[in-house]
$ cat entry-v8.txt   # compact mmCIF, C-alpha atoms
# COMPACT_ATOMS: atom_id res chain seq x y z
CA MET A 867 34.47 -4.70 -0.30
CA PRO A 868 35.49 -5.30 3.34
CA ALA A 869 34.91 -9.03 2.88
CA ILE A 870 37.08 -9.09 -0.27
CA LEU A 871 39.89 -7.07 1.31
CA LEU A 872 39.91 -9.02 4.58
CA GLY A 873 39.64 -12.31 2.68
CA THR A 874 42.72 -11.39 0.65
CA VAL A 875 44.67 -10.47 3.78
CA ALA A 876 43.56 -13.67 5.53
CA PHE A 877 44.67 -15.79 2.55
CA PHE A 878 48.26 -14.62 2.93
CA PHE A 879 48.31 -14.10 6.71
CA LEU A 880 46.52 -17.17 8.10
CA THR A 881 48.31 -20.51 7.99
CA ASP A 882 46.87 -23.95 7.31
CA TRP A 883 48.18 -25.51 10.52
CA PRO A 884 48.94 -24.22 14.02
CA GLY A 885 52.52 -25.42 13.74
CA GLU A 886 53.09 -22.99 10.87
CA ALA A 887 51.67 -19.98 12.75
CA ASN A 888 54.80 -18.00 13.56
CA TRP A 889 52.64 -15.26 15.12
CA LEU A 890 51.79 -17.70 17.95
CA ALA A 891 54.11 -18.54 20.80
CA PRO A 892 55.57 -22.10 20.70
CA GLU A 893 53.53 -23.18 23.76
CA GLN A 894 50.36 -21.82 22.13
CA ARG A 895 51.03 -23.82 18.96
CA ARG A 896 51.61 -26.99 20.97
CA TRP A 897 48.43 -26.45 23.01
CA ILE A 898 46.27 -25.98 19.91
CA GLU A 899 47.77 -29.02 18.17
CA GLN A 900 47.12 -31.14 21.26
CA LYS A 901 43.49 -29.98 21.44
CA LEU A 902 42.93 -30.65 17.74
CA HIS A 903 44.39 -34.14 18.15
CA GLU A 904 42.07 -34.86 21.10
CA GLU A 905 39.03 -33.63 19.19
CA ASP A 906 39.96 -35.64 16.10
CA ILE A 907 40.03 -38.83 18.20
CA SER A 908 36.68 -38.15 19.88
CA VAL A 909 34.70 -36.97 16.84
CA GLN A 910 32.27 -39.48 15.41
CA LYS A 911 30.77 -39.04 11.97
CA LEU A 912 27.11 -38.06 11.88
CA THR A 913 25.47 -39.09 8.63
CA VAL A 914 22.79 -37.05 6.92
CA TRP A 915 20.30 -39.87 7.51
CA GLN A 916 21.05 -39.93 11.24
CA ALA A 917 20.56 -36.18 11.44
CA LEU A 918 17.26 -36.35 9.56
CA LYS A 919 16.01 -39.03 11.96
CA SER A 920 16.82 -36.89 15.00
CA ARG A 921 13.76 -35.07 16.33
CA THR A 922 15.97 -32.60 18.18
CA ILE A 923 18.02 -31.65 15.12
CA LEU A 924 14.91 -31.34 12.96
CA LEU A 925 13.29 -29.09 15.58
CA LEU A 926 16.34 -26.85 15.72
CA ALA A 927 16.54 -26.74 11.91
CA SER A 928 12.85 -25.82 11.70
CA VAL A 929 13.32 -23.02 14.21
CA THR A 930 16.25 -21.69 12.21
CA PHE A 931 14.25 -21.81 8.98
CA LEU A 932 11.28 -19.96 10.50
CA ASN A 933 13.44 -17.31 12.13
CA TYR A 934 15.52 -16.74 8.99
CA PHE A 935 12.26 -16.56 7.04
CA VAL A 936 11.16 -13.67 9.26
CA PHE A 937 14.48 -11.87 9.43
CA TYR A 938 15.45 -12.07 5.75
CA SER A 939 11.98 -11.07 4.65
CA PHE A 940 12.22 -8.11 7.00
CA ALA A 941 15.74 -7.15 5.90
CA PHE A 942 14.87 -7.19 2.20
CA TRP A 943 11.47 -5.51 2.37
CA PHE A 944 11.77 -3.18 5.37
CA PRO A 945 13.13 -0.17 3.41
CA THR A 946 10.37 -0.52 0.80
CA MET A 947 7.65 -0.76 3.44
CA LEU A 948 9.04 2.21 5.37
CA LYS A 949 9.28 4.36 2.26
CA ARG A 950 5.77 3.40 1.16
CA GLN A 951 4.28 4.24 4.56
CA SER A 952 6.25 7.43 5.24
CA GLY A 953 6.82 8.89 1.77
CA PHE A 954 10.25 10.05 2.94
CA SER A 955 13.28 10.50 0.72
CA ASP A 956 15.79 7.67 0.33
CA LEU A 957 18.18 9.49 2.67
CA ARG A 958 15.63 9.80 5.48
CA VAL A 959 14.56 6.20 4.96
CA GLY A 960 18.21 5.16 5.25
CA VAL A 961 18.68 7.09 8.49
CA LEU A 962 15.44 5.86 10.06
CA GLY A 963 16.18 2.37 8.78
CA ALA A 964 19.23 2.19 11.02
CA VAL A 965 17.14 2.60 14.19
CA PRO A 966 15.72 -0.97 14.36
CA TYR A 967 19.13 -2.53 13.79
CA LEU A 968 20.85 -0.35 16.39
CA ALA A 969 18.16 -1.20 18.93
CA THR A 970 18.39 -4.89 18.08
CA PHE A 971 22.18 -4.80 18.52
CA VAL A 972 21.78 -3.46 22.06
CA VAL A 973 18.99 -5.91 22.93
CA MET A 974 21.04 -8.80 21.54
CA GLN A 975 23.91 -8.02 23.94
CA VAL A 976 21.60 -7.65 26.94
CA ASN A 977 19.65 -10.78 26.06
CA ALA A 978 22.81 -12.86 25.73
CA TRP A 979 24.23 -11.48 28.98
CA HIS A 980 21.02 -12.20 30.88
CA SER A 981 20.85 -15.68 29.36
CA ASP A 982 24.37 -16.49 30.55
CA LYS A 983 23.64 -15.05 33.97
CA GLY A 984 20.56 -17.23 34.47
CA HIS A 985 21.82 -20.25 32.49
CA GLU A 986 18.59 -20.27 30.46
CA ARG A 987 18.43 -20.45 26.67
CA HIS A 988 14.97 -21.44 25.46
CA TRP A 989 12.89 -18.52 26.73
CA HIS A 990 15.66 -16.07 25.86
CA SER A 991 15.48 -17.41 22.30
CA ALA A 992 11.69 -17.58 22.07
CA VAL A 993 10.77 -14.19 23.54
CA PRO A 994 12.54 -12.13 20.81
CA MET A 995 10.51 -14.02 18.21
CA PHE A 996 7.28 -13.37 20.11
CA ILE A 997 8.16 -9.66 20.29
CA ALA A 998 8.79 -9.71 16.53
CA ALA A 999 5.38 -11.33 15.99
CA ILE A 1000 3.67 -8.55 17.98
CA GLY A 1001 5.48 -5.88 15.97
CA LEU A 1002 4.57 -7.53 12.66
CA LEU A 1003 0.96 -7.86 13.80
CA GLY A 1004 0.88 -4.12 14.49
CA LEU A 1005 2.29 -3.37 11.04
CA ILE A 1006 -0.61 -5.18 9.39
CA ALA A 1007 -2.86 -2.36 10.63
CA GLN A 1008 -0.70 0.06 8.57
CA PRO A 1009 -0.32 2.80 11.20
CA ARG A 1010 -0.18 6.33 9.77
CA SER A 1011 2.21 7.61 12.44
CA THR A 1012 5.86 7.32 11.39
CA PRO A 1013 7.20 7.03 14.98
CA ILE A 1014 4.73 4.20 15.67
CA SER A 1015 5.73 2.48 12.42
CA VAL A 1016 9.44 2.73 13.29
CA GLY A 1017 8.67 1.34 16.75
CA LEU A 1018 6.81 -1.61 15.25
CA PHE A 1019 9.59 -2.18 12.71
CA THR A 1020 12.05 -2.20 15.62
CA MET A 1021 10.00 -4.85 17.39
CA ALA A 1022 9.93 -6.92 14.18
CA CYS A 1023 13.71 -6.64 13.88
CA MET A 1024 14.07 -8.14 17.37
CA ALA A 1025 13.78 -11.57 15.75
CA ALA A 1026 17.55 -11.35 15.25
CA ALA A 1027 18.14 -10.98 19.00
CA TYR A 1028 17.54 -14.71 19.37
CA LEU A 1029 20.78 -15.63 17.58
CA PRO A 1030 23.41 -15.76 20.38
CA THR A 1031 21.18 -17.66 22.81
CA PHE A 1032 19.74 -20.04 20.23
CA TRP A 1033 23.13 -21.16 18.92
CA ALA A 1034 24.17 -22.05 22.45
CA ILE A 1035 21.39 -24.66 22.56
CA PRO A 1036 22.81 -27.29 20.14
CA THR A 1037 26.15 -27.48 21.94
CA GLU A 1038 24.41 -27.80 25.31
CA ILE A 1039 21.81 -30.47 24.51
CA LEU A 1040 23.77 -32.51 21.93
CA SER A 1041 26.93 -34.49 22.47
CA GLN A 1042 30.16 -32.79 21.41
CA SER A 1043 30.68 -34.95 18.34
CA THR A 1044 27.03 -34.67 17.26
CA ALA A 1045 26.85 -30.91 17.74
CA ALA A 1046 29.81 -30.32 15.43
CA ALA A 1047 27.97 -31.84 12.47
CA ALA A 1048 24.45 -30.87 13.56
CA VAL A 1049 25.17 -27.13 13.66
CA GLY A 1050 26.20 -27.20 10.02
CA MET A 1051 23.06 -29.07 8.98
CA ILE A 1052 20.78 -26.86 11.09
CA ASN A 1053 22.24 -23.73 9.52
CA ALA A 1054 22.16 -25.21 6.00
CA ILE A 1055 18.46 -26.05 6.24
CA GLY A 1056 17.65 -22.73 7.86
CA SER A 1057 19.56 -20.75 5.25
CA VAL A 1058 17.12 -21.89 2.57
CA ALA A 1059 14.77 -19.31 4.08
CA GLY A 1060 17.21 -16.61 2.98
CA PHE A 1061 15.77 -17.16 -0.50
CA ALA A 1062 12.31 -18.49 0.35
CA GLY A 1063 11.32 -15.65 2.71
CA PRO A 1064 11.97 -12.58 0.52
CA TYR A 1065 10.69 -14.42 -2.56
CA ALA A 1066 7.41 -15.46 -0.89
CA PHE A 1067 6.90 -11.97 0.52
CA GLY A 1068 7.52 -10.41 -2.89
CA TYR A 1069 5.24 -12.90 -4.61
CA LEU A 1070 2.36 -12.14 -2.24
CA HIS A 1071 2.94 -8.40 -2.62
CA THR A 1072 2.87 -8.70 -6.41
CA ARG A 1073 -0.30 -10.75 -6.38
CA THR A 1074 -2.22 -8.60 -3.88
CA GLY A 1075 -0.58 -5.18 -4.12
CA SER A 1076 -0.43 -5.14 -0.32
CA PHE A 1077 2.14 -6.05 2.32
CA SER A 1078 -0.50 -7.53 4.61
CA ASP A 1079 -0.40 -11.14 3.38
CA GLY A 1080 3.38 -11.23 3.62
CA LEU A 1081 3.27 -9.79 7.13
CA VAL A 1082 0.70 -12.41 8.17
CA LEU A 1083 3.04 -15.13 6.91
CA MET A 1084 5.88 -13.58 8.91
CA VAL A 1085 3.71 -13.45 12.04
CA ILE A 1086 2.90 -17.15 11.68
CA SER A 1087 6.59 -17.96 11.17
CA ALA A 1088 7.69 -15.94 14.19
CA LEU A 1089 5.07 -17.50 16.47
CA GLY A 1090 5.79 -20.99 15.13
CA GLY A 1091 9.53 -20.58 15.60
CA GLY A 1092 9.13 -19.31 19.15
CA LEU A 1093 6.84 -22.19 20.11
CA LEU A 1094 9.15 -24.78 18.54
CA ILE A 1095 12.08 -23.44 20.56
CA LEU A 1096 10.11 -24.10 23.74
CA CYS A 1097 9.50 -27.67 22.51
CA THR A 1098 13.19 -28.52 22.10
CA PRO A 1099 14.78 -30.67 24.83
CA ARG A 1100 16.51 -28.96 27.72
CA SER A 1101 18.68 -31.88 28.80
CA ALA A 1102 21.70 -33.31 27.05
CA ARG A 1103 21.24 -36.36 24.85
CA THR A 1104 23.33 -38.17 22.25
CA ILE A 1105 21.42 -37.03 19.16
$ encode --input "entry-v8.txt" --output "structure tokens"
Amino acid sequence: MPAILLGTVAFFFLTDWPGEANWLAPEQRRWIEQKLHEEDISVQKLTVWQALKSRTILLLASVTFLNYFVFYSFAFWFPTMLKRQSGFSDLRVGVLGAVPYLATFVVMQVNAWHSDKGHERHWHSAVPMFIAAIGLLGLIAQPRSTPISVGLFTMACMAAAYLPTFWAIPTEILSQSTAAAAVGMINAIGSVAGFAGPYAFGYLHTRTGSFSDGLVLMVISALGGGLLILCTPRSARTI
């Protein structure tokens, strides 16, 4: 509902061009139009074939796929796993289910701040995925303690804390014109995991009656994604 309401407001409020934006000062409109003109001159088209031949772009796309695989699998199946382990009511599961996301929100801010302070992206992107892998590994043991389970679920949710630092990497190691197109392709390939992750987890659960196989797959994905981040270049290059 918020997306629908805000989308409707934006349709009537936002203009197609800066020159039509009466809610901006004249000097602001001129500045934006100048910047858009400069960017339009400098942008070079990056074809799909060029992107697929780029080792850097493929690495970043693979990292995105693996991380989204972990996070979407977690987001879809976390309430079911928590309810199965705890036996709590839907209300208590809903309240406890907010804890990992609140903790991840805080860690995401701190991680991004520390990354900016030290001008380092790769380890700040990889460590959250390694933490998630440890939490998922602990969940395979099916702990009987609810506080321990919530703690492990919180660690697993930390996979999302990689987002702000990871998405700074493409614009820092790719040229400006390449990054504009590459980010879209990286996200498009990674977003496939939004379907593949929950589906694979559900398929394994249906076949085995256990969450363990799905958790193992998530552990492998989290470790693989973290290691691939550390393999991406740290210096700027054209593609």
$ residues_around --input "entry-v8.txt" --residues "region 921-937 of chain A" --least-positions-apart "3" --cutoff "6 Å" --atoms "only C-alpha atoms" --output "PDB file with C-alpha atoms, in the frame of the given file"
ATOM      1  CA  PHE A 940      12.220  -8.110   7.000  1.00  0.00           C
ATOM      2  CA  ILE A1052      20.780 -26.860  11.090  1.00  0.00           C
ATOM      3  CA  GLY A1056      17.650 -22.730   7.860  1.00  0.00           C
ATOM      4  CA  ALA A1059      14.770 -19.310   4.080  1.00  0.00           C
ATOM      5  CA  GLY A1063      11.320 -15.650   2.710  1.00  0.00           C
ATOM      6  CA  MET A1084       5.880 -13.580   8.910  1.00  0.00           C
ATOM      7  CA  SER A1087       6.590 -17.960  11.170  1.00  0.00           C
ATOM      8  CA  GLY A1091       9.530 -20.580  15.600  1.00  0.00           C
TER       9      GLY A1091
END
$ residues_around --input "entry-v8.txt" --residues "Ser991 (chain A)" --least-positions-apart "5" --cutoff "9 Å" --atoms "only C-alpha atoms" --output "PyMOL selection string"
chain A and resi 977+1025+1027-1032+1092+1095-1096
$ write_last_selection --input "entry-v8.txt" --atoms "C-alpha atoms" --output "PDB file, in the frame of the given file"
ATOM      1  CA  ASN A 977      19.650 -10.780  26.060  1.00  0.00           C
ATOM      2  CA  ALA A1025      13.780 -11.570  15.750  1.00  0.00           C
ATOM      3  CA  ALA A1027      18.140 -10.980  19.000  1.00  0.00           C
ATOM      4  CA  TYR A1028      17.540 -14.710  19.370  1.00  0.00           C
ATOM      5  CA  LEU A1029      20.780 -15.630  17.580  1.00  0.00           C
ATOM      6  CA  PRO A1030      23.410 -15.760  20.380  1.00  0.00           C
ATOM      7  CA  THR A1031      21.180 -17.660  22.810  1.00  0.00           C
ATOM      8  CA  PHE A1032      19.740 -20.040  20.230  1.00  0.00           C
ATOM      9  CA  GLY A1092       9.130 -19.310  19.150  1.00  0.00           C
ATOM     10  CA  ILE A1095      12.080 -23.440  20.560  1.00  0.00           C
ATOM     11  CA  LEU A1096      10.110 -24.100  23.740  1.00  0.00           C
TER      12      LEU A1096
END
$ atom_distance --input "entry-v8.txt" --atom1 "CA of Gln951 (chain A)" --atom2 "CA of Gln1008 (chain A)"
7.6 Å
$ atom_distance --input "entry-v8.txt" --atom1 "CA of Leu1094 (chain A)" --atom2 "CA of Ser1015 (chain A)"
28.1 Å
$ residues_around --input "entry-v8.txt" --residues "Leu1005 (chain A)" --least-positions-apart "4" --cutoff "8 Å" --atoms "all atoms listed in the file" --output "PyMOL selection string"
chain A and resi 1001+1009+1015+1018-1019+1081
$ atom_distance --input "entry-v8.txt" --atom1 "CA of Thr1020 (chain A)" --atom2 "CA of Thr970 (chain A)"
7.3 Å
$ closest_residue --input "entry-v8.txt" --among "A:Met1024, A:Gly1004, A:Lys949, A:Ala941" --to "Met974 (chain A)" --atoms "all atoms listed in the file"
A:Met1024
$ closest_residue --input "entry-v8.txt" --among "A:Met995, A:Tyr1065, A:Thr946, A:Val1058" --to "Ile1086 (chain A)" --atoms "all atoms listed in the file"
A:Met995
$ residues_near_point --input "entry-v8.txt" --point "(0.6, -7.1, 8.5)" --cutoff "6 Å" --atoms "only C-alpha atoms" --output "list of chain:residue names"
A:Leu1002, A:Leu1003, A:Leu1005, A:Ile1006, A:Ser1078, A:Leu1081, A:Val1082
$ closest_residue --input "entry-v8.txt" --among "A:Met1021, A:Ser981, A:Leu1089, A:Trp943" --to "Leu968 (chain A)" --atoms "only C-alpha atoms"
A:Met1021
$ closest_residue --input "entry-v8.txt" --among "A:Ala1045, A:Tyr938, A:Val959, A:Arg896" --to "Phe1061 (chain A)" --atoms "all atoms listed in the file"
A:Tyr938
$ closest_residue --input "entry-v8.txt" --among "A:His980, A:Val993, A:Glu899, A:Thr874" --to "Glu886 (chain A)" --atoms "all atoms listed in the file"
A:Glu899
$ residues_around --input "entry-v8.txt" --residues "Arg1100 (chain A)" --least-positions-apart "3" --cutoff "12 Å" --atoms "all atoms listed in the file" --output "JSON, numbers by chain"
{"A": [922, 985, 986, 987, 988, 989, 1034, 1035, 1036, 1037, 1038, 1039, 1040, 1095, 1096, 1097, 1103]}
$ closest_residue --input "entry-v8.txt" --among "A:Ser939, A:Gly1075, A:Leu957, A:Ala998" --to "Gly1060 (chain A)" --atoms "only C-alpha atoms"
A:Ser939
$ axis_aligned_box --input "entry-v8.txt" --around "region 871-890 of chain A" --padding-each-side "3 Å" --output "JSON"
{"center_x": 47.2, "center_y": -16.3, "center_z": 9.3, "size_x": 21.2, "size_y": 24.4, "size_z": 23.3}
$ decode --input "entry-v8.txt" --residues "region 1072-1100 of chain A" --atoms "C-alpha atoms" --output "PDB file, in the first residue's frame"
ATOM      1  CA  THR A1072       9.880 -30.885   0.832  1.00  0.00           C
ATOM      2  CA  ARG A1073      12.154 -33.686  -0.270  1.00  0.00           C
ATOM      3  CA  THR A1074      13.878 -34.239   3.090  1.00  0.00           C
ATOM      4  CA  GLY A1075      11.418 -32.882   5.650  1.00  0.00           C
ATOM      5  CA  SER A1076      14.316 -30.998   7.232  1.00  0.00           C
ATOM      6  CA  PHE A1077      15.777 -27.505   6.965  1.00  0.00           C
ATOM      7  CA  SER A1078      19.343 -28.800   7.193  1.00  0.00           C
ATOM      8  CA  ASP A1079      20.032 -29.280   3.469  1.00  0.00           C
ATOM      9  CA  GLY A1080      18.733 -25.817   2.666  1.00  0.00           C
ATOM     10  CA  LEU A1081      20.855 -24.300   5.427  1.00  0.00           C
ATOM     11  CA  VAL A1082      23.938 -26.109   4.101  1.00  0.00           C
ATOM     12  CA  LEU A1083      23.285 -24.620   0.667  1.00  0.00           C
ATOM     13  CA  MET A1084      22.971 -21.174   2.243  1.00  0.00           C
ATOM     14  CA  VAL A1085      26.247 -21.660   4.148  1.00  0.00           C
ATOM     15  CA  ILE A1086      28.029 -22.551   0.903  1.00  0.00           C
ATOM     16  CA  SER A1087      26.516 -19.515  -0.834  1.00  0.00           C
ATOM     17  CA  ALA A1088      27.493 -17.140   1.971  1.00  0.00           C
ATOM     18  CA  LEU A1089      31.074 -18.426   2.112  1.00  0.00           C
ATOM     19  CA  GLY A1090      31.369 -18.410  -1.683  1.00  0.00           C
ATOM     20  CA  GLY A1091      30.031 -14.873  -1.937  1.00  0.00           C
ATOM     21  CA  GLY A1092      32.384 -13.587   0.745  1.00  0.00           C
ATOM     22  CA  LEU A1093      35.419 -15.191  -0.894  1.00  0.00           C
ATOM     23  CA  LEU A1094      34.466 -13.871  -4.337  1.00  0.00           C
ATOM     24  CA  ILE A1095      34.232 -10.335  -2.962  1.00  0.00           C
ATOM     25  CA  LEU A1096      37.833 -10.621  -1.788  1.00  0.00           C
ATOM     26  CA  CYS A1097      38.798 -11.740  -5.308  1.00  0.00           C
ATOM     27  CA  THR A1098      37.386  -8.650  -7.043  1.00  0.00           C
ATOM     28  CA  PRO A1099      39.890  -5.996  -8.145  1.00  0.00           C
ATOM     29  CA  ARG A1100      40.653  -3.125  -5.813  1.00  0.00           C
TER      30      ARG A1100
END
